$ cat start_18.cif   # mmCIF, C-alpha atoms
data_data
loop_
_atom_site.label_atom_id
_atom_site.label_comp_id
_atom_site.auth_asym_id
_atom_site.auth_seq_id
_atom_site.Cartn_x
_atom_site.Cartn_y
_atom_site.Cartn_z
CA ASP A 1 83.83 109.00 99.38
CA THR A 2 85.79 112.19 98.83
CA GLY A 3 87.81 112.02 102.03
CA VAL A 4 88.26 114.87 104.49
CA SER A 5 87.95 118.26 102.87
CA GLN A 6 89.01 121.61 104.27
CA ASP A 7 88.17 125.10 103.15
CA PRO A 8 89.78 127.44 102.40
CA ARG A 9 93.09 125.87 101.50
CA HIS A 10 94.90 129.16 101.91
CA LYS A 11 93.98 132.25 103.87
CA ILE A 12 95.96 135.47 104.11
CA THR A 13 94.71 137.98 106.62
CA LYS A 14 95.82 141.04 108.49
CA ARG A 15 96.58 140.96 112.18
CA GLY A 16 93.47 141.57 114.23
CA GLN A 17 91.02 140.09 111.73
CA ASN A 18 88.87 137.04 112.41
CA VAL A 19 89.16 133.92 110.28
CA THR A 20 87.07 130.77 110.05
CA PHE A 21 88.04 127.38 108.67
CA ARG A 22 85.65 124.63 107.72
CA CYS A 23 86.19 120.88 107.79
CA ASP A 24 83.95 118.27 106.20
CA PRO A 25 84.87 114.84 107.55
CA ILE A 26 84.25 111.45 105.98
CA SER A 27 80.49 111.06 106.28
CA GLU A 28 80.28 108.05 108.60
CA HIS A 29 83.03 109.23 110.95
CA ASN A 30 81.97 110.21 114.45
CA ARG A 31 85.30 111.66 115.64
CA LEU A 32 86.73 114.93 114.39
CA TYR A 33 90.05 116.50 115.36
CA TRP A 34 91.72 119.85 114.80
CA TYR A 35 95.50 120.14 114.85
CA ARG A 36 97.93 122.94 114.11
CA GLN A 37 101.23 122.32 112.34
CA THR A 38 104.13 124.69 111.83
CA LEU A 39 107.12 124.06 109.60
CA GLY A 40 109.27 121.23 110.82
CA GLN A 41 106.97 120.33 113.70
CA GLY A 42 104.47 117.62 114.38
CA PRO A 43 100.74 118.24 114.49
CA GLU A 44 99.81 120.01 117.73
CA PHE A 45 96.50 118.94 119.23
CA LEU A 46 93.89 121.71 119.44
CA THR A 47 90.53 120.08 120.10
CA TYR A 48 88.36 117.12 119.24
CA PHE A 49 84.71 116.13 118.98
CA GLN A 50 82.70 112.99 119.42
CA ASN A 51 79.66 113.63 117.22
CA GLU A 52 78.61 117.17 118.22
CA ALA A 53 80.19 117.09 121.69
CA GLN A 54 83.52 118.84 122.18
CA LEU A 55 85.50 116.44 124.37
CA GLU A 56 88.62 118.47 125.04
CA LYS A 57 90.31 121.69 124.12
CA SER A 58 94.05 122.09 124.52
CA ARG A 59 94.99 124.07 127.60
CA LEU A 60 97.60 125.81 125.49
CA LEU A 61 94.90 127.18 123.25
CA SER A 62 94.00 130.82 123.62
CA ASP A 63 90.39 131.88 124.21
CA ARG A 64 90.59 133.48 120.78
CA PHE A 65 90.19 130.00 119.31
CA SER A 66 86.80 128.34 119.20
CA ALA A 67 85.51 125.29 117.41
CA GLU A 68 82.06 123.89 116.78
CA ARG A 69 80.51 120.83 115.25
CA PRO A 70 76.84 121.78 115.45
CA LYS A 71 75.17 118.76 113.89
CA GLY A 72 77.90 116.21 114.33
CA SER A 73 78.92 116.53 110.70
CA PHE A 74 81.07 119.44 109.51
CA SER A 75 83.12 121.52 111.91
CA THR A 76 84.35 125.10 112.00
CA LEU A 77 87.43 126.54 113.68
CA GLU A 78 87.36 130.28 114.30
CA ILE A 79 90.31 132.41 115.30
CA GLN A 80 89.44 135.86 116.56
CA ARG A 81 91.81 138.85 116.55
CA THR A 82 94.49 136.95 114.70
CA GLU A 83 98.14 137.40 115.62
CA GLN A 84 101.24 136.69 113.56
CA GLY A 85 101.96 133.72 115.79
CA ASP A 86 98.75 132.09 114.54
CA SER A 87 100.33 131.59 111.13
CA ALA A 88 100.36 127.83 110.58
CA MET A 89 98.74 124.95 108.78
CA TYR A 90 95.45 123.96 110.42
CA LEU A 91 94.71 120.28 109.96
CA CYS A 92 91.43 118.49 110.34
CA ALA A 93 91.18 114.72 110.77
CA SER A 94 88.31 112.34 111.25
CA SER A 95 87.94 108.76 112.40
CA PHE A 96 85.32 106.18 113.22
CA LEU A 97 85.45 105.22 116.86
CA LEU A 98 84.87 101.60 117.79
CA ALA A 99 85.05 100.34 121.34
CA GLY A 100 88.48 98.90 122.03
CA ALA A 101 89.80 99.73 118.59
CA ALA A 102 92.25 102.46 117.67
CA GLY A 103 90.62 104.26 114.83
CA GLU A 104 92.82 105.49 112.02
CA LEU A 105 92.86 109.25 111.56
CA PHE A 106 92.11 110.43 108.05
CA PHE A 107 93.56 113.87 107.43
CA GLY A 108 92.53 116.64 105.14
CA GLU A 109 95.10 118.59 103.19
CA GLY A 110 94.95 121.46 105.64
CA SER A 111 94.17 125.16 105.64
CA ARG A 112 97.24 127.36 105.57
CA LEU A 113 96.89 130.63 107.48
CA THR A 114 99.22 133.56 106.96
CA VAL A 115 98.78 136.54 109.25
CA LEU A 116 100.44 139.72 108.05
CA ALA B 1 98.87 112.17 130.04
CA GLN B 2 100.47 110.76 126.94
CA SER B 3 103.53 112.10 125.15
CA VAL B 4 105.90 111.09 122.39
CA THR B 5 109.54 111.80 121.71
CA GLN B 6 111.34 111.12 118.46
CA LEU B 7 115.11 111.01 118.62
CA GLY B 8 116.65 112.65 115.58
CA SER B 9 114.79 115.37 113.75
CA HIS B 10 116.65 114.48 110.52
CA VAL B 11 117.86 111.09 109.37
CA SER B 12 119.76 110.40 106.16
CA VAL B 13 120.28 106.94 104.72
CA SER B 14 121.65 105.61 101.48
CA GLU B 15 119.31 103.95 99.04
CA GLY B 16 119.12 100.27 99.92
CA ALA B 17 120.26 100.80 103.52
CA LEU B 18 118.31 100.05 106.68
CA VAL B 19 115.90 102.70 107.87
CA LEU B 20 115.52 103.11 111.65
CA LEU B 21 113.38 105.91 113.06
CA ARG B 22 113.10 106.09 116.82
CA CYS B 23 110.01 106.71 118.92
CA ASN B 24 109.60 106.61 122.67
CA TYR B 25 106.31 107.17 124.39
CA SER B 26 104.95 107.96 127.80
CA SER B 27 101.55 106.69 128.82
CA SER B 28 99.84 105.96 132.10
CA VAL B 29 97.81 103.18 130.50
CA PRO B 30 98.63 100.59 127.83
CA PRO B 31 98.92 102.73 124.74
CA TYR B 32 97.75 102.64 121.19
CA LEU B 33 100.67 103.66 118.97
CA PHE B 34 100.82 104.86 115.41
CA TRP B 35 103.24 105.90 112.70
CA TYR B 36 102.07 108.42 110.14
CA VAL B 37 103.92 109.62 107.04
CA GLN B 38 103.67 112.96 105.30
CA TYR B 39 105.06 113.12 101.79
CA PRO B 40 105.95 116.55 100.38
CA ASN B 41 102.85 118.64 99.74
CA GLN B 42 100.52 115.84 100.85
CA GLY B 43 98.40 115.13 103.90
CA LEU B 44 99.34 112.71 106.67
CA GLN B 45 98.52 109.07 106.13
CA LEU B 46 98.73 106.05 108.38
CA LEU B 47 101.72 103.73 107.96
CA LEU B 48 100.87 101.29 110.73
CA LYS B 49 99.32 101.01 114.18
CA TYR B 50 99.78 98.98 117.35
CA THR B 51 96.66 97.96 119.22
CA SER B 52 98.03 95.23 121.54
CA ALA B 53 97.25 92.35 119.19
CA ALA B 54 100.90 91.71 118.27
CA THR B 55 104.12 93.44 119.27
CA LEU B 56 105.55 93.40 115.73
CA VAL B 57 103.36 95.39 113.42
CA LYS B 58 103.66 95.44 109.65
CA GLY B 59 102.56 98.44 107.67
CA ILE B 60 102.46 99.71 104.14
CA ASN B 61 105.45 100.11 101.82
CA GLY B 62 107.56 97.52 103.67
CA PHE B 63 107.68 99.35 106.99
CA GLU B 64 107.30 97.65 110.34
CA ALA B 65 107.52 98.63 113.99
CA GLU B 66 108.03 96.71 117.20
CA PHE B 67 106.35 97.58 120.49
CA LYS B 68 108.71 97.13 123.43
CA LYS B 69 106.97 97.84 126.71
CA SER B 70 110.13 97.54 128.81
CA GLU B 71 111.79 100.24 126.71
CA THR B 72 108.59 102.27 126.10
CA SER B 73 109.60 102.29 122.46
CA PHE B 74 107.94 101.84 119.09
CA HIS B 75 110.75 102.22 116.57
CA LEU B 76 110.01 102.15 112.84
CA THR B 77 112.19 100.13 110.48
CA LYS B 78 112.49 99.21 106.84
CA PRO B 79 115.18 96.82 105.61
CA SER B 80 115.99 98.66 102.40
CA ALA B 81 115.35 102.34 101.79
CA HIS B 82 113.90 103.56 98.53
CA MET B 83 114.06 107.07 97.14
CA SER B 84 110.30 107.30 97.44
CA ASP B 85 110.56 106.88 101.24
CA ALA B 86 111.84 110.45 101.62
CA ALA B 87 109.21 112.13 103.79
CA GLU B 88 108.33 113.30 107.30
CA TYR B 89 107.49 110.53 109.74
CA PHE B 90 105.43 111.09 112.86
CA CYS B 91 104.95 108.76 115.80
CA ALA B 92 101.69 109.19 117.71
CA VAL B 93 100.11 107.82 120.90
CA SER B 94 96.65 107.46 122.33
CA GLY B 95 95.98 106.31 125.87
CA THR B 96 92.81 104.45 125.02
CA SER B 97 90.70 104.02 121.94
CA TYR B 98 88.55 106.88 123.27
CA ASP B 99 91.43 109.25 123.96
CA LYS B 100 92.87 111.98 121.77
CA VAL B 101 95.87 111.23 119.57
CA ILE B 102 99.11 113.06 120.39
CA PHE B 103 101.86 113.38 117.81
CA GLY B 104 105.60 113.56 118.21
CA PRO B 105 107.75 116.27 116.62
CA GLY B 106 108.58 114.16 113.59
CA THR B 107 111.66 112.88 111.81
CA SER B 108 112.56 113.99 108.32
CA LEU B 109 113.98 111.09 106.31
CA SER B 110 116.29 111.76 103.39
CA VAL B 111 117.38 108.98 101.04
CA ILE B 112 120.68 109.47 99.26
CA PRO B 113 121.12 107.83 95.85
#

$ encode --input "start_18.cif" --output "structure tokens"
Amino acid sequence: DTGVSQDPRHKITKRGQNVTFRCDPISEHNRLYWYRQTLGQGPEFLTYFQNEAQLEKSRLLSDRFSAERPKGSFSTLEIQRTEQGDSAMYLCASSFLLAGAAGELFFGEGSRLTVL
Amino acid sequence: AQSVTQLGSHVSVSEGALVLLRCNYSSSVPPYLFWYVQYPNQGLQLLLKYTSAATLVKGINGFEAEFKKSETSFHLTKPSAHMSDAAEYFCAVSGTSYDKVIFGPGTSLSVIP
């Protein structure tokens, strides 16, 4: 078990470009989350999946953001037409959901985005 | 909807002193509550979680937290701080086991030798 892995770890892009991040969760986990974290702040919820179904997307999230989990395994987060305000650490977490049990989130090390 | 507030964005304690990090939550249903820690240049990891089995929850590294429904609080404590406890601490809440997990803004703990 290699844990949650994210790729790339660092991405520098110019404003207006599209970027895509990938997350590979722990293999048996059925829940997958995306969060965004800026310096000195807590993780901000973006979206989450149960298997391949996207359960919720944050209302604060621009339409430029889209996420998929096509086969219920890995997930991608795409940001179109990036803006400087998108600069942040993008965190992926996975968990195994059991009825009536609060599953622990296992986090990846994050993908840091810098928009110039 | 669930939400979390953490009083004190920065807390400093002397080595060996009591650590107290505050967390208050808002939830329309009985919550699941968590404390996560983020050490410098590392990912978040779970310290402890409350799932209604017991109000006093013990976690890793000597930390514990007490769920107080009347105060809507879930404060994190450790009797004696160690230098290695210096990190960011995040309180989080989930309304049900099926709900998303919402994090608070975090508290940065510094331990003074």

$ residues_around --input "start_18.cif" --residues "segment 49-56 of chain B" --least-positions-apart "3" --cutoff "9 Å" --atoms "only C-alpha atoms" --output "JSON, numbers by chain"
{"A": [100, 101, 102, 104], "B": [30, 31, 32, 33, 34, 35, 36, 46, 59, 64, 65, 66, 67, 68, 74, 97]}

$ closest_residue --input "start_18.cif" --among "B:Ile102, B:Ile60, B:Val11, B:Leu76" --to "chain A" --atoms "all atoms listed in the file"
B:Ile102

$ resolve_selection --input "start_18.cif" --expression "the PyMOL selection byres ((chain B) within 12 of (chain A))" --output "ChimeraX atom specification"
/B:2-6,9-10,30-53,87-108

$ resolve_selection --input "start_18.cif" --expression "the PyMOL selection byres ((chain B and resi 72) around 7)" --output "VMD selection string"
chain B and resid 24 to 26 68 to 71 73

$ atom_distance --input "start_18.cif" --atom1 "atom CA of Leu116 of chain A" --atom2 "atom CA of Thr20 of chain A"
16.2 Å

$ residues_around --input "start_18.cif" --residues "Leu113 of chain A" --least-positions-apart "4" --cutoff "8 Å" --atoms "all atoms listed in the file" --output "list in words"
His10, Lys11, Ile12, Thr13, Asp86, Ser87, Ala88, Met89 and Tyr90 of chain A

$ closest_residue --input "start_18.cif" --among "A:Arg59, A:Pro70, A:Arg9, A:Gly3" --to "Ser27 of chain A" --atoms "all atoms listed in the file"
A:Gly3

$ atom_distance --input "start_18.cif" --atom1 "atom CA of Ala1 of chain B" --atom2 "atom CA of Leu32 of chain A"
20.0 Å

$ closest_residue --input "start_18.cif" --among "A:Leu77, A:Leu46, A:Thr38, A:Val4" --to "Arg22 of chain A" --atoms "all atoms listed in the file"
A:Leu77

$ atom_distance --input "start_18.cif" --atom1 "atom CA of Ala17 of chain B" --atom2 "atom CA of Gly62 of chain B"
13.1 Å

$ closest_residue --input "start_18.cif" --among "A:Arg15, A:Cys23, A:Glu28, A:Arg36" --to "Leu60 of chain A" --atoms "all atoms listed in the file"
A:Arg36

$ residues_around --input "start_18.cif" --residues "Ser80 of chain B" --least-positions-apart "4" --cutoff "7 Å" --atoms "all atoms listed in the file" --output "ChimeraX atom specification"
/B:16-19

$ closest_residue --input "start_18.cif" --among "A:Gln17, A:Asn30, A:Ser66, A:Ser58" --to "Glu78 of chain A" --atoms "only C-alpha atoms"
A:Ser66

$ residues_around --input "start_18.cif" --residues "Glu68 of chain A" --least-positions-apart "4" --cutoff "8 Å" --atoms "all atoms listed in the file" --output "ChimeraX atom specification"
/A:52,54,75-77

$ resolve_selection --input "start_18.cif" --expression "the PyMOL selection byres ((chain B and resi 21) around 7)" --output "ChimeraX atom specification"
/B:19-20,22-23,75-77

$ closest_residue --input "start_18.cif" --among "A:Leu61, A:Ala53, A:Val115, A:Ser94" --to "Pro25 of chain A" --atoms "all atoms listed in the file"
A:Ser94

$ decode --input "start_18.cif" --residues "segment 56-68 of chain A" --atoms "all heavy atoms" --output "compact mmCIF listing (two decimals), in the first residue's frame"
# COMPACT_ATOMS: atom_id res chain seq x y z
N GLU A 56 -21.06 15.95 -4.44
CA GLU A 56 -21.26 17.37 -4.18
C GLU A 56 -20.05 18.16 -4.67
O GLU A 56 -18.93 17.69 -4.64
CB GLU A 56 -21.46 17.63 -2.68
CG GLU A 56 -21.77 19.07 -2.33
CD GLU A 56 -22.07 19.27 -0.85
OE1 GLU A 56 -22.39 18.28 -0.16
OE2 GLU A 56 -21.97 20.42 -0.38
N LYS A 57 -20.36 19.33 -5.17
CA LYS A 57 -19.31 20.27 -5.56
C LYS A 57 -19.57 21.56 -4.80
O LYS A 57 -20.72 22.02 -4.74
CB LYS A 57 -19.39 20.50 -7.07
CG LYS A 57 -18.36 21.46 -7.63
CD LYS A 57 -18.53 21.57 -9.15
CE LYS A 57 -17.63 22.65 -9.73
NZ LYS A 57 -17.79 22.78 -11.20
N SER A 58 -18.55 22.14 -4.24
CA SER A 58 -18.70 23.36 -3.46
C SER A 58 -19.36 24.45 -4.29
O SER A 58 -19.00 24.69 -5.45
CB SER A 58 -17.35 23.84 -2.96
OG SER A 58 -17.46 25.12 -2.39
N ARG A 59 -20.33 25.12 -3.69
CA ARG A 59 -21.00 26.22 -4.37
C ARG A 59 -20.06 27.40 -4.61
O ARG A 59 -20.32 28.25 -5.46
CB ARG A 59 -22.21 26.68 -3.55
CG ARG A 59 -23.36 25.71 -3.58
CD ARG A 59 -24.43 26.10 -2.61
NE ARG A 59 -23.99 25.92 -1.23
CZ ARG A 59 -24.71 26.24 -0.17
NH1 ARG A 59 -25.89 26.81 -0.32
NH2 ARG A 59 -24.24 26.03 1.04
N LEU A 60 -18.98 27.43 -3.86
CA LEU A 60 -18.01 28.51 -4.02
C LEU A 60 -17.08 28.26 -5.19
O LEU A 60 -16.30 29.14 -5.57
CB LEU A 60 -17.18 28.66 -2.74
CG LEU A 60 -17.96 28.98 -1.46
CD1 LEU A 60 -17.03 29.02 -0.27
CD2 LEU A 60 -18.71 30.30 -1.61
N LEU A 61 -17.18 27.08 -5.77
CA LEU A 61 -16.26 26.68 -6.81
C LEU A 61 -16.72 27.17 -8.17
O LEU A 61 -17.86 26.93 -8.59
CB LEU A 61 -16.12 25.16 -6.81
CG LEU A 61 -14.82 24.58 -7.34
CD1 LEU A 61 -13.65 25.11 -6.57
CD2 LEU A 61 -14.89 23.08 -7.25
N SER A 62 -15.79 27.84 -8.85
CA SER A 62 -16.08 28.36 -10.18
C SER A 62 -16.33 27.22 -11.16
O SER A 62 -15.87 26.09 -10.98
CB SER A 62 -14.89 29.19 -10.65
OG SER A 62 -14.86 29.35 -12.03
N ASP A 63 -17.07 27.54 -12.24
CA ASP A 63 -17.30 26.57 -13.31
C ASP A 63 -16.01 26.23 -14.05
O ASP A 63 -16.00 25.29 -14.85
CB ASP A 63 -18.32 27.12 -14.31
CG ASP A 63 -19.72 27.15 -13.72
OD1 ASP A 63 -19.94 26.46 -12.69
OD2 ASP A 63 -20.58 27.86 -14.26
N ARG A 64 -14.94 26.94 -13.77
CA ARG A 64 -13.67 26.61 -14.41
C ARG A 64 -13.06 25.33 -13.81
O ARG A 64 -12.14 24.77 -14.37
CB ARG A 64 -12.68 27.77 -14.22
CG ARG A 64 -13.11 29.07 -14.88
CD ARG A 64 -12.05 30.17 -14.71
NE ARG A 64 -11.85 30.55 -13.32
CZ ARG A 64 -10.79 30.17 -12.58
NH1 ARG A 64 -9.84 29.42 -13.10
NH2 ARG A 64 -10.68 30.58 -11.33
N PHE A 65 -13.59 24.93 -12.66
CA PHE A 65 -13.09 23.73 -11.99
C PHE A 65 -13.99 22.54 -12.33
O PHE A 65 -15.22 22.64 -12.23
CB PHE A 65 -13.09 23.92 -10.47
CG PHE A 65 -12.03 24.86 -9.96
CD1 PHE A 65 -12.12 26.23 -10.19
CD2 PHE A 65 -10.95 24.38 -9.25
CE1 PHE A 65 -11.14 27.09 -9.71
CE2 PHE A 65 -9.97 25.24 -8.76
CZ PHE A 65 -10.07 26.59 -9.00
N SER A 66 -13.38 21.44 -12.69
CA SER A 66 -14.14 20.22 -12.90
C SER A 66 -13.33 19.03 -12.42
O SER A 66 -12.10 19.03 -12.49
CB SER A 66 -14.51 20.05 -14.38
OG SER A 66 -13.34 19.93 -15.16
N ALA A 67 -14.04 18.05 -11.90
CA ALA A 67 -13.37 16.85 -11.40
C ALA A 67 -14.10 15.63 -11.91
O ALA A 67 -15.32 15.65 -12.12
CB ALA A 67 -13.34 16.86 -9.87
N GLU A 68 -13.33 14.56 -12.09
CA GLU A 68 -13.89 13.29 -12.54
C GLU A 68 -13.25 12.15 -11.78
O GLU A 68 -12.11 12.26 -11.32
CB GLU A 68 -13.63 13.09 -14.04
CG GLU A 68 -14.33 14.04 -14.96
CD GLU A 68 -14.05 13.70 -16.42
OE1 GLU A 68 -13.03 13.05 -16.71
OE2 GLU A 68 -14.87 14.08 -17.27
